[in-house]
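Colleague: Okay, so here is run04.txt, and as you'll see once you scroll down, it has compact mmCIF, C-alpha atoms.
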# COMPACT_ATOMS: atom_id res chain seq x y z
CA MET A 938 56.17 141.52 17.04
CA THR A 939 59.06 139.80 15.27
CA PRO A 940 61.20 137.77 17.71
CA ASP A 941 64.91 138.59 17.96
CA ARG A 942 65.81 135.25 19.57
CA LEU A 943 64.75 131.72 18.70
CA ARG A 944 65.14 128.48 20.65
CA ILE A 945 65.54 125.38 18.46
CA ALA A 946 64.58 121.99 19.91
CA THR A 947 66.67 119.08 18.66
CA ARG A 948 67.87 115.62 19.61
CA ARG A 949 71.33 115.45 21.16
CA SER A 950 73.03 113.29 18.51
CA GLU A 951 75.88 114.78 16.51
CA LEU A 952 73.85 114.62 13.31
CA ALA A 953 70.72 116.15 14.86
CA LEU A 954 72.67 119.01 16.40
CA THR A 955 74.51 119.62 13.11
CA GLN A 956 71.19 119.80 11.27
CA ALA A 957 69.67 122.17 13.82
CA ARG A 958 72.70 124.45 13.71
CA TRP A 959 72.53 124.45 9.91
CA VAL A 960 68.92 125.65 10.10
CA GLY A 961 69.95 128.24 12.68
CA ASP A 962 72.63 129.56 10.34
CA ARG A 963 70.07 129.88 7.51
CA LEU A 964 67.69 131.75 9.79
CA ARG A 965 70.42 134.15 10.92
CA HIS A 966 71.38 134.76 7.29
CA ALA A 967 67.74 135.53 6.41
CA HIS A 968 67.27 137.70 9.51
CA PRO A 969 70.51 139.54 10.43
CA GLY A 970 70.78 140.12 14.15
CA LEU A 971 68.65 137.11 15.07
CA GLU A 972 69.98 135.09 18.03
CA VAL A 973 69.61 131.30 18.01
CA GLU A 974 69.86 128.89 20.95
CA MET A 975 69.80 125.06 20.91
CA VAL A 976 67.46 123.20 23.26
CA GLU A 977 68.68 119.60 23.47
CA VAL A 978 66.04 116.90 24.02
CA VAL A 979 66.38 113.19 24.80
CA THR A 980 63.77 111.17 22.88
CA MET A 981 62.33 107.70 23.41
CA GLY A 982 64.30 106.56 20.37
CA ASP A 983 67.53 107.69 22.03
CA ARG A 984 66.72 105.70 25.20
CA ASP A 985 65.51 102.56 23.40
CA ILE A 986 68.59 100.94 21.86
CA THR A 987 67.04 97.54 21.13
CA SER A 988 63.86 98.10 19.08
CA SER A 989 64.14 98.30 15.30
CA VAL A 990 64.51 101.72 13.70
CA THR A 991 61.39 101.03 11.61
CA THR A 992 59.27 100.39 14.71
CA LEU A 993 60.60 103.48 16.47
CA THR A 994 60.00 105.71 13.45
CA GLU A 995 56.41 104.49 13.08
CA VAL A 996 55.55 105.58 16.63
CA GLY A 997 57.43 108.87 16.35
CA ALA A 998 60.05 107.83 18.90
CA PHE A 999 62.63 110.23 17.48
CA VAL A 1000 60.38 113.30 17.25
CA ARG A 1001 57.55 113.34 19.85
CA ALA A 1002 59.62 114.73 22.72
CA VAL A 1003 61.14 117.36 20.43
CA GLN A 1004 57.68 118.42 19.28
CA GLN A 1005 56.49 118.54 22.89
CA ALA A 1006 59.27 121.00 23.74
CA VAL A 1007 57.68 123.42 21.25
CA LEU A 1008 54.10 122.75 22.34
CA ALA A 1009 55.06 123.26 26.00
CA GLY A 1010 56.82 126.54 25.25
CA HIS A 1011 60.32 125.32 26.08
CA ALA A 1012 61.41 125.98 22.47
CA ASP A 1013 60.14 128.07 19.57
CA LEU A 1014 60.74 125.57 16.77
CA ALA A 1015 61.97 122.02 16.22
CA VAL A 1016 64.27 120.54 13.61
CA HIS A 1017 63.81 116.91 12.55
CA SER A 1018 65.05 114.53 9.90
CA CYS A 1019 61.87 114.65 7.85
CA LYS A 1020 61.82 110.89 7.21
CA ASP A 1021 61.34 110.37 10.98
CA LEU A 1022 58.09 112.38 11.08
CA PRO A 1023 54.94 110.25 11.41
CA ILE A 1024 52.16 111.16 9.00
CA ALA A 1025 49.84 112.23 11.82
CA GLY A 1026 51.32 114.97 14.00
CA PRO A 1027 50.07 117.60 16.45
CA PRO A 1028 47.57 119.80 14.59
CA GLU A 1029 48.99 122.96 16.15
CA LEU A 1030 52.30 122.49 14.35
CA GLY A 1031 53.13 123.53 10.81
CA ALA A 1032 56.34 122.76 8.93
CA VAL A 1033 58.71 124.31 6.43
CA TYR A 1034 61.27 122.37 4.41
CA PRO A 1035 64.69 123.88 3.67
CA ALA A 1036 66.58 122.83 0.53
CA ARG A 1037 67.18 119.09 0.52
CA GLU A 1038 70.59 117.42 0.71
CA VAL A 1039 71.71 114.62 -1.65
CA PRO A 1040 69.07 111.89 -1.12
CA TRP A 1041 70.86 108.65 -2.04
CA ASP A 1042 71.70 105.58 0.01
CA VAL A 1043 75.36 104.59 0.11
CA LEU A 1044 77.51 101.63 1.08
CA CYS A 1045 80.42 102.14 3.48
CA GLY A 1046 83.14 99.50 3.77
CA SER A 1047 83.18 98.23 0.21
CA SER A 1048 81.70 98.81 -3.20
CA LEU A 1049 78.75 96.57 -4.00
CA GLU A 1050 80.67 94.75 -6.73
CA GLU A 1051 83.66 93.98 -4.50
CA LEU A 1052 81.68 92.41 -1.66
CA PRO A 1053 82.27 88.63 -1.67
CA ALA A 1054 79.39 86.17 -1.57
CA GLY A 1055 78.20 85.76 2.01
CA ALA A 1056 79.52 89.16 3.10
CA ARG A 1057 77.70 90.66 6.11
CA VAL A 1058 75.98 93.95 5.41
CA GLY A 1059 74.28 95.96 8.15
CA THR A 1060 71.08 97.96 7.80
CA GLY A 1061 68.04 98.46 10.00
CA SER A 1062 65.74 99.40 7.12
CA PRO A 1063 63.34 96.87 5.51
CA ARG A 1064 63.32 99.12 2.41
CA ARG A 1065 67.09 98.83 2.07
CA VAL A 1066 67.02 95.10 2.85
CA ALA A 1067 64.47 94.45 0.10
CA GLN A 1068 66.28 96.44 -2.59
CA LEU A 1069 69.75 95.23 -1.61
CA ALA A 1070 68.56 91.62 -1.79
CA LEU A 1071 67.35 92.23 -5.35
CA LEU A 1072 70.78 93.60 -6.29
CA ARG A 1073 72.86 90.97 -4.46
CA GLY A 1074 70.88 88.00 -3.23
CA ASP A 1075 74.10 86.30 -2.08
CA LEU A 1076 74.77 88.77 0.74
CA VAL A 1077 73.93 88.22 4.42
CA ILE A 1078 71.93 91.28 5.50
CA GLU A 1079 71.57 91.87 9.25
CA GLY A 1080 69.94 94.52 11.42
CA ILE A 1081 72.04 97.23 13.04
CA ARG A 1082 71.39 100.10 15.48
CA GLY A 1083 73.45 103.06 16.60
CA ASN A 1084 74.53 106.44 15.29
CA VAL A 1085 76.64 106.93 12.16
CA ASN A 1086 79.97 106.60 13.95
CA THR A 1087 78.84 103.47 15.78
CA ARG A 1088 77.83 101.82 12.51
CA LEU A 1089 81.05 102.77 10.78
CA GLY A 1090 82.91 101.41 13.79
CA LYS A 1091 81.26 98.03 13.31
CA VAL A 1092 82.80 97.93 9.83
CA ALA A 1093 86.21 98.99 11.11
CA SER A 1094 86.09 96.26 13.77
CA GLY A 1095 85.19 93.58 11.23
CA GLU A 1096 81.74 92.90 12.70
CA PHE A 1097 80.26 93.87 9.32
CA ASP A 1098 81.83 93.94 5.87
CA ALA A 1099 79.77 97.02 4.96
CA VAL A 1100 76.83 99.11 6.16
CA VAL A 1101 74.16 101.00 4.24
CA LEU A 1102 73.72 104.63 5.29
CA ALA A 1103 72.22 107.86 3.97
CA GLU A 1104 74.67 110.00 2.03
CA ALA A 1105 73.06 113.16 3.42
CA GLY A 1106 73.92 112.31 7.02
CA LEU A 1107 77.52 111.51 6.16
CA ARG A 1108 77.87 114.78 4.27
CA ARG A 1109 76.36 116.82 7.08
CA ILE A 1110 78.90 115.59 9.64
CA GLY A 1111 81.87 115.59 7.25
CA LEU A 1112 82.23 111.83 6.74
CA GLU A 1113 81.60 111.64 2.99
CA ASP A 1114 85.06 110.09 2.55
CA SER A 1115 83.60 106.93 4.15
CA ILE A 1116 81.41 106.33 1.08
CA ASP A 1117 82.53 103.39 -1.06
CA HIS A 1118 79.44 102.93 -3.24
CA ARG A 1119 76.51 105.18 -4.11
CA PHE A 1120 73.15 103.60 -5.00
CA GLU A 1121 71.64 105.63 -7.81
CA LEU A 1122 67.86 105.91 -8.13
CA ALA A 1123 67.74 103.04 -10.63
CA ALA A 1124 69.22 100.71 -7.99
CA MET A 1125 67.69 101.88 -4.71
CA VAL A 1126 64.77 104.26 -4.19
CA PRO A 1127 65.27 106.38 -1.02
CA ALA A 1128 62.84 106.53 1.87
CA PRO A 1129 60.08 109.13 1.62
CA ALA A 1130 61.57 112.52 2.65
CA GLN A 1131 65.10 111.10 3.01
CA ALA A 1132 67.76 113.86 3.23
CA ALA A 1133 65.13 116.55 3.88
CA LEU A 1134 64.73 118.49 7.12
CA ALA A 1135 61.40 119.48 8.64
CA VAL A 1136 61.30 122.65 10.72
CA GLU A 1137 58.17 122.69 12.88
CA MET A 1138 56.63 125.57 14.79
CA ILE A 1139 53.18 126.57 16.06
CA GLN A 1140 51.14 127.80 13.12
CA GLY A 1141 50.02 131.40 12.76
CA THR A 1142 52.64 132.86 15.09
CA SER A 1143 55.37 135.44 14.61
CA VAL A 1144 57.86 132.57 14.78
CA ALA A 1145 56.15 130.92 11.80
CA ALA A 1146 56.54 134.13 9.82
CA VAL A 1147 60.27 134.26 10.59
CA VAL A 1148 60.88 130.57 9.83
CA ALA A 1149 59.04 130.78 6.49
CA ALA A 1150 62.17 132.42 5.04
CA VAL A 1151 63.99 129.05 4.88
CA ASP A 1152 61.21 127.14 3.11
CA ASP A 1153 62.26 125.77 -0.31
CA PRO A 1154 59.29 125.41 -2.73
CA ALA A 1155 60.87 122.61 -4.81
CA THR A 1156 61.70 120.59 -1.72
CA ARG A 1157 58.22 121.18 -0.29
CA ALA A 1158 56.57 119.89 -3.48
CA ALA A 1159 58.74 116.77 -3.48
CA ILE A 1160 58.17 116.01 0.21
CA GLU A 1161 54.42 116.49 -0.11
CA ALA A 1162 54.26 113.97 -2.96
CA GLU A 1163 56.44 111.40 -1.18
CA ARG A 1164 54.54 111.66 2.11
CA MET A 1165 51.20 111.27 0.33
CA VAL A 1166 52.43 107.90 -0.92
CA LEU A 1167 53.61 107.03 2.59
CA ALA A 1168 50.22 108.00 4.01
CA LYS A 1169 48.46 105.65 1.59
CA THR A 1170 50.40 102.68 2.97
CA GLY A 1171 49.12 103.32 6.48
CA ALA A 1172 52.64 104.30 7.60
CA GLY A 1173 53.79 100.99 9.02
CA CYS A 1174 51.80 98.31 7.23
CA ARG A 1175 54.19 98.27 4.26
CA SER A 1176 57.52 99.32 5.68
CA ALA A 1177 59.58 98.29 2.63
CA LEU A 1178 58.56 101.46 0.80
CA GLY A 1179 60.66 103.92 -1.15
CA ALA A 1180 59.50 107.15 -2.81
CA TYR A 1181 61.50 109.94 -4.37
CA ALA A 1182 60.13 113.02 -6.13
CA ALA A 1183 61.89 115.66 -8.18
CA ALA A 1184 60.22 118.92 -9.12
CA THR A 1185 60.72 119.90 -12.76
CA ASP A 1186 59.31 122.54 -15.10
CA GLY A 1187 56.76 119.96 -16.24
CA GLY A 1188 55.61 119.03 -12.74
CA ILE A 1189 56.65 116.24 -10.40
CA VAL A 1190 58.57 113.11 -11.42
CA LEU A 1191 57.87 110.53 -8.72
CA THR A 1192 59.61 107.16 -8.45
CA GLY A 1193 58.52 104.45 -6.04
CA PHE A 1194 59.39 100.97 -4.80
CA VAL A 1195 57.42 98.64 -2.56
CA GLN A 1196 57.78 95.07 -1.39
CA ASP A 1197 54.87 93.43 0.37
CA ASP A 1198 52.73 90.29 0.17
CA LEU A 1199 52.19 90.98 -3.55
CA GLY A 1200 55.94 90.97 -4.23
CA SER A 1201 58.37 93.70 -5.30
CA ARG A 1202 57.19 96.50 -7.56
CA ARG A 1203 58.75 99.64 -8.94
CA ALA A 1204 57.27 102.48 -11.00
CA ALA A 1205 57.95 106.05 -12.11
CA VAL A 1206 55.22 108.58 -12.94
CA THR A 1207 54.85 112.26 -13.75
CA GLY A 1208 52.17 114.58 -12.42
CA ALA A 1209 51.42 118.27 -12.69
CA THR A 1210 51.13 118.61 -8.89
CA PRO A 1211 52.21 116.58 -5.85
CA VAL A 1212 48.63 115.30 -5.44
CA VAL A 1213 48.38 114.14 -9.05
CA ALA A 1214 51.81 112.51 -9.02
CA ALA A 1215 51.16 110.70 -5.74
CA ALA A 1216 47.80 109.39 -6.97
CA ALA A 1217 49.43 108.10 -10.15
CA LEU A 1218 52.21 106.31 -8.25
CA ILE A 1219 49.76 104.78 -5.77
CA GLU A 1220 47.82 103.36 -8.72
CA ALA A 1221 50.96 102.18 -10.54
CA LEU A 1222 52.23 100.34 -7.45
CA ALA A 1223 48.77 98.97 -6.57
CA LEU A 1224 49.04 100.31 -3.03
Could you write out this file's structure as structure tokens?
Modeller:
Amino acid sequence: MTPDRLRIATRRSELALTQARWVGDRLRHAHPGLEVEMVEVVTMGDRDITSSVTTLTEVGAFVRAVQQAVLAGHADLAVHSCKDLPIAGPPELGAVYPAREVPWDVLCGSSLEELPAGARVGTGSPRRVAQLALLRGDLVIEGIRGNVNTRLGKVASGEFDAVVLAEAGLRRIGLEDSIDHRFELAAMVPAPAQAALAVEMIQGTSVAAVVAAVDDPATRAAIEAERMVLAKTGAGCRSALGAYAAATDGGIVLTGFVQDDLGSRRAAVTGATPVVAAAALIEALAL
């Protein structure tokens, strides 16, 4: 029997709630008459305000409690920022991927060229640190935690001269006017699955059939390729990893960046399928 009401589990942050409501709107559009309710969940990542974002993402700190709400029957589906999903998840859950937002990293507070030598730039991502250092080795790059507004506030207060954020998040909460510099793919490769949403539900259920309506095949192909590269690194053992795939008529164009004990490497490959493209990039980057 097709459900006429769905409960969506989500974190309580402004961005997470905005993303969950966006998915709810798409589901209502695909299924007129469907009712949608938000189930707000506090995650370990929300409670831990001192550990690095990289460490928290590796252990699933931002998603485990949200997934558990679905597994325990408190919600019918969960909406996550896909880049927060660990490679290994509960086997009962399947995922669909709605159309992806703009995937680029951006600088807020100043353009890259206008930052003076020694300027303080905030980011909690080793991937961003590594690529930013290659672009401007004269900058002082420091870790930062907090939601989007908190990070922008640290620029406004003068604590940082600029911060690196994801353009997608700024767009989703209406703060795109805060963008002062956009890093194109040639300058900074995004994190695997950046700007994509993952909608999880228990596989083989009537809910899964309803949620399938918002799956975007091009986004799915790209995310599958990027996460295969992430899986090869063992998730956390090489955290300075970027991977971005674009589905084309000729297959998948997959660009990657990694910095580890072998140094910094970058490559772009093309493959007929996500599996082929990921294997080619793994070989090109010597992962």
Colleague: Edge lengths and centre in Å to one decimal, as JSON, is what I'm after for the box along x, y and z that holds all listed atoms of stretch 1051-1056 of chain A once 3 Å is added on each side.
Modeller:
{"center_x": 80.9, "center_y": 89.9, "center_z": -0.7, "size_x": 11.5, "size_y": 14.2, "size_z": 13.6}
Colleague: Taking 6 positions as the minimum chain separation for residues in the same chain, which residues sit within 6 Å of stretch 1015-1025 of chain A when counting only C-alpha atoms? Answer as a PDB file with C-alpha atoms, keeping the file's coordinate frame.
Modeller:
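As a result, around.pdb now contains:
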ATOM      1  CA  ILE A 945      65.540 125.380  18.460  1.00  0.00           C
ATOM      2  CA  ALA A 946      64.580 121.990  19.910  1.00  0.00           C
ATOM      3  CA  THR A 947      66.670 119.080  18.660  1.00  0.00           C
ATOM      4  CA  ALA A 957      69.670 122.170  13.820  1.00  0.00           C
ATOM      5  CA  THR A 994      60.000 105.710  13.450  1.00  0.00           C
ATOM      6  CA  GLY A 997      57.430 108.870  16.350  1.00  0.00           C
ATOM      7  CA  ALA A1130      61.570 112.520   2.650  1.00  0.00           C
ATOM      8  CA  GLN A1131      65.100 111.100   3.010  1.00  0.00           C
ATOM      9  CA  ALA A1133      65.130 116.550   3.880  1.00  0.00           C
ATOM     10  CA  LEU A1134      64.730 118.490   7.120  1.00  0.00           C
ATOM     11  CA  ALA A1135      61.400 119.480   8.640  1.00  0.00           C
ATOM     12  CA  VAL A1136      61.300 122.650  10.720  1.00  0.00           C
ATOM     13  CA  GLU A1137      58.170 122.690  12.880  1.00  0.00           C
TER      14      GLU A1137
END
Colleague: Return the single residue from A:Gly1179, A:Gly1106, A:Pro1154, A:Pro969 that is closest to A:Glu1038, with distances computed using all atoms listed in the file.
Modeller: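 Using all atoms listed in the file, A:Glu1038 sits closest to A:Gly1106.
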Colleague: Compare A:Ser950, A:Val1101, A:Met1165, A:Ala1217 by their minimum atom-to-atom distance to A:Trp1041, counting only C-alpha atoms, and give me the closest one.
Modeller: A:Val1101
Colleague: From the options A:Gly1046, A:Pro1035, A:Gly1055, A:Gly1010, which residue's atoms come nearest to A:Ile1078, counting all atoms listed in the file?
Modeller: A:Gly1055
Colleague: For a test of reading the model, state the distance in Å between atom CA of A:Ala1204 and atom CA of A:Gly1061, rounded to one decimal.
Modeller: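 Pair atom CA of A:Ala1204 / atom CA of A:Gly1061 returns 23.9 Å.
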Colleague: Quick one: distance from atom CA of A:Pro1040 to atom CA of A:Pro1129 in Å, one decimal?
Modeller: 9.8 Å
Colleague: Just add N, CA and C atoms to stretch 1200-1215 of chain A and send it as a PDB file, in the frame of the given file.
Modeller:
ATOM      1  N   GLY A1200      54.629  91.016  -3.588  1.00  0.00           N
ATOM      2  CA  GLY A1200      55.940  90.970  -4.230  1.00  0.00           C
ATOM      3  C   GLY A1200      56.578  92.348  -4.317  1.00  0.00           C
ATOM      4  N   SER A1201      57.639  92.446  -5.118  1.00  0.00           N
ATOM      5  CA  SER A1201      58.370  93.700  -5.300  1.00  0.00           C
ATOM      6  C   SER A1201      57.873  94.415  -6.540  1.00  0.00           C
ATOM      7  N   ARG A1202      57.649  95.727  -6.426  1.00  0.00           N
ATOM      8  CA  ARG A1202      57.190  96.500  -7.560  1.00  0.00           C
ATOM      9  C   ARG A1202      57.890  97.849  -7.574  1.00  0.00           C
ATOM     10  N   ARG A1203      58.082  98.352  -8.765  1.00  0.00           N
ATOM     11  CA  ARG A1203      58.750  99.640  -8.940  1.00  0.00           C
ATOM     12  C   ARG A1203      58.041 100.377 -10.079  1.00  0.00           C
ATOM     13  N   ALA A1204      57.918 101.697  -9.950  1.00  0.00           N
ATOM     14  CA  ALA A1204      57.270 102.480 -11.000  1.00  0.00           C
ATOM     15  C   ALA A1204      57.762 103.914 -10.934  1.00  0.00           C
ATOM     16  N   ALA A1205      57.639 104.625 -12.051  1.00  0.00           N
ATOM     17  CA  ALA A1205      57.950 106.050 -12.110  1.00  0.00           C
ATOM     18  C   ALA A1205      56.820 106.736 -12.868  1.00  0.00           C
ATOM     19  N   VAL A1206      56.342 107.864 -12.335  1.00  0.00           N
ATOM     20  CA  VAL A1206      55.220 108.580 -12.940  1.00  0.00           C
ATOM     21  C   VAL A1206      55.540 110.075 -12.959  1.00  0.00           C
ATOM     22  N   THR A1207      54.736 110.808 -13.713  1.00  0.00           N
ATOM     23  CA  THR A1207      54.850 112.260 -13.750  1.00  0.00           C
ATOM     24  C   THR A1207      53.474 112.868 -13.508  1.00  0.00           C
ATOM     25  N   GLY A1208      53.435 113.909 -12.689  1.00  0.00           N
ATOM     26  CA  GLY A1208      52.170 114.580 -12.420  1.00  0.00           C
ATOM     27  C   GLY A1208      52.362 116.079 -12.346  1.00  0.00           C
ATOM     28  N   ALA A1209      51.327 116.811 -12.674  1.00  0.00           N
ATOM     29  CA  ALA A1209      51.420 118.270 -12.690  1.00  0.00           C
ATOM     30  C   ALA A1209      51.578 118.843 -11.288  1.00  0.00           C
ATOM     31  N   THR A1210      51.062 118.155 -10.275  1.00  0.00           N
ATOM     32  CA  THR A1210      51.130 118.610  -8.890  1.00  0.00           C
ATOM     33  C   THR A1210      51.516 117.426  -8.006  1.00  0.00           C
ATOM     34  N   PRO A1211      51.919 117.688  -6.763  1.00  0.00           N
ATOM     35  CA  PRO A1211      52.210 116.580  -5.850  1.00  0.00           C
ATOM     36  C   PRO A1211      51.029 115.621  -5.691  1.00  0.00           C
ATOM     37  N   VAL A1212      49.816 116.147  -5.615  1.00  0.00           N
ATOM     38  CA  VAL A1212      48.630 115.300  -5.440  1.00  0.00           C
ATOM     39  C   VAL A1212      48.440 114.382  -6.640  1.00  0.00           C
ATOM     40  N   VAL A1213      48.565 114.932  -7.841  1.00  0.00           N
ATOM     41  CA  VAL A1213      48.380 114.140  -9.050  1.00  0.00           C
ATOM     42  C   VAL A1213      49.465 113.078  -9.183  1.00  0.00           C
ATOM     43  N   ALA A1214      50.708 113.459  -8.917  1.00  0.00           N
ATOM     44  CA  ALA A1214      51.810 112.510  -9.020  1.00  0.00           C
ATOM     45  C   ALA A1214      51.664 111.389  -8.003  1.00  0.00           C
ATOM     46  N   ALA A1215      51.320 111.716  -6.770  1.00  0.00           N
ATOM     47  CA  ALA A1215      51.160 110.700  -5.740  1.00  0.00           C
ATOM     48  C   ALA A1215      50.036 109.728  -6.086  1.00  0.00           C
TER      49      ALA A1215
END
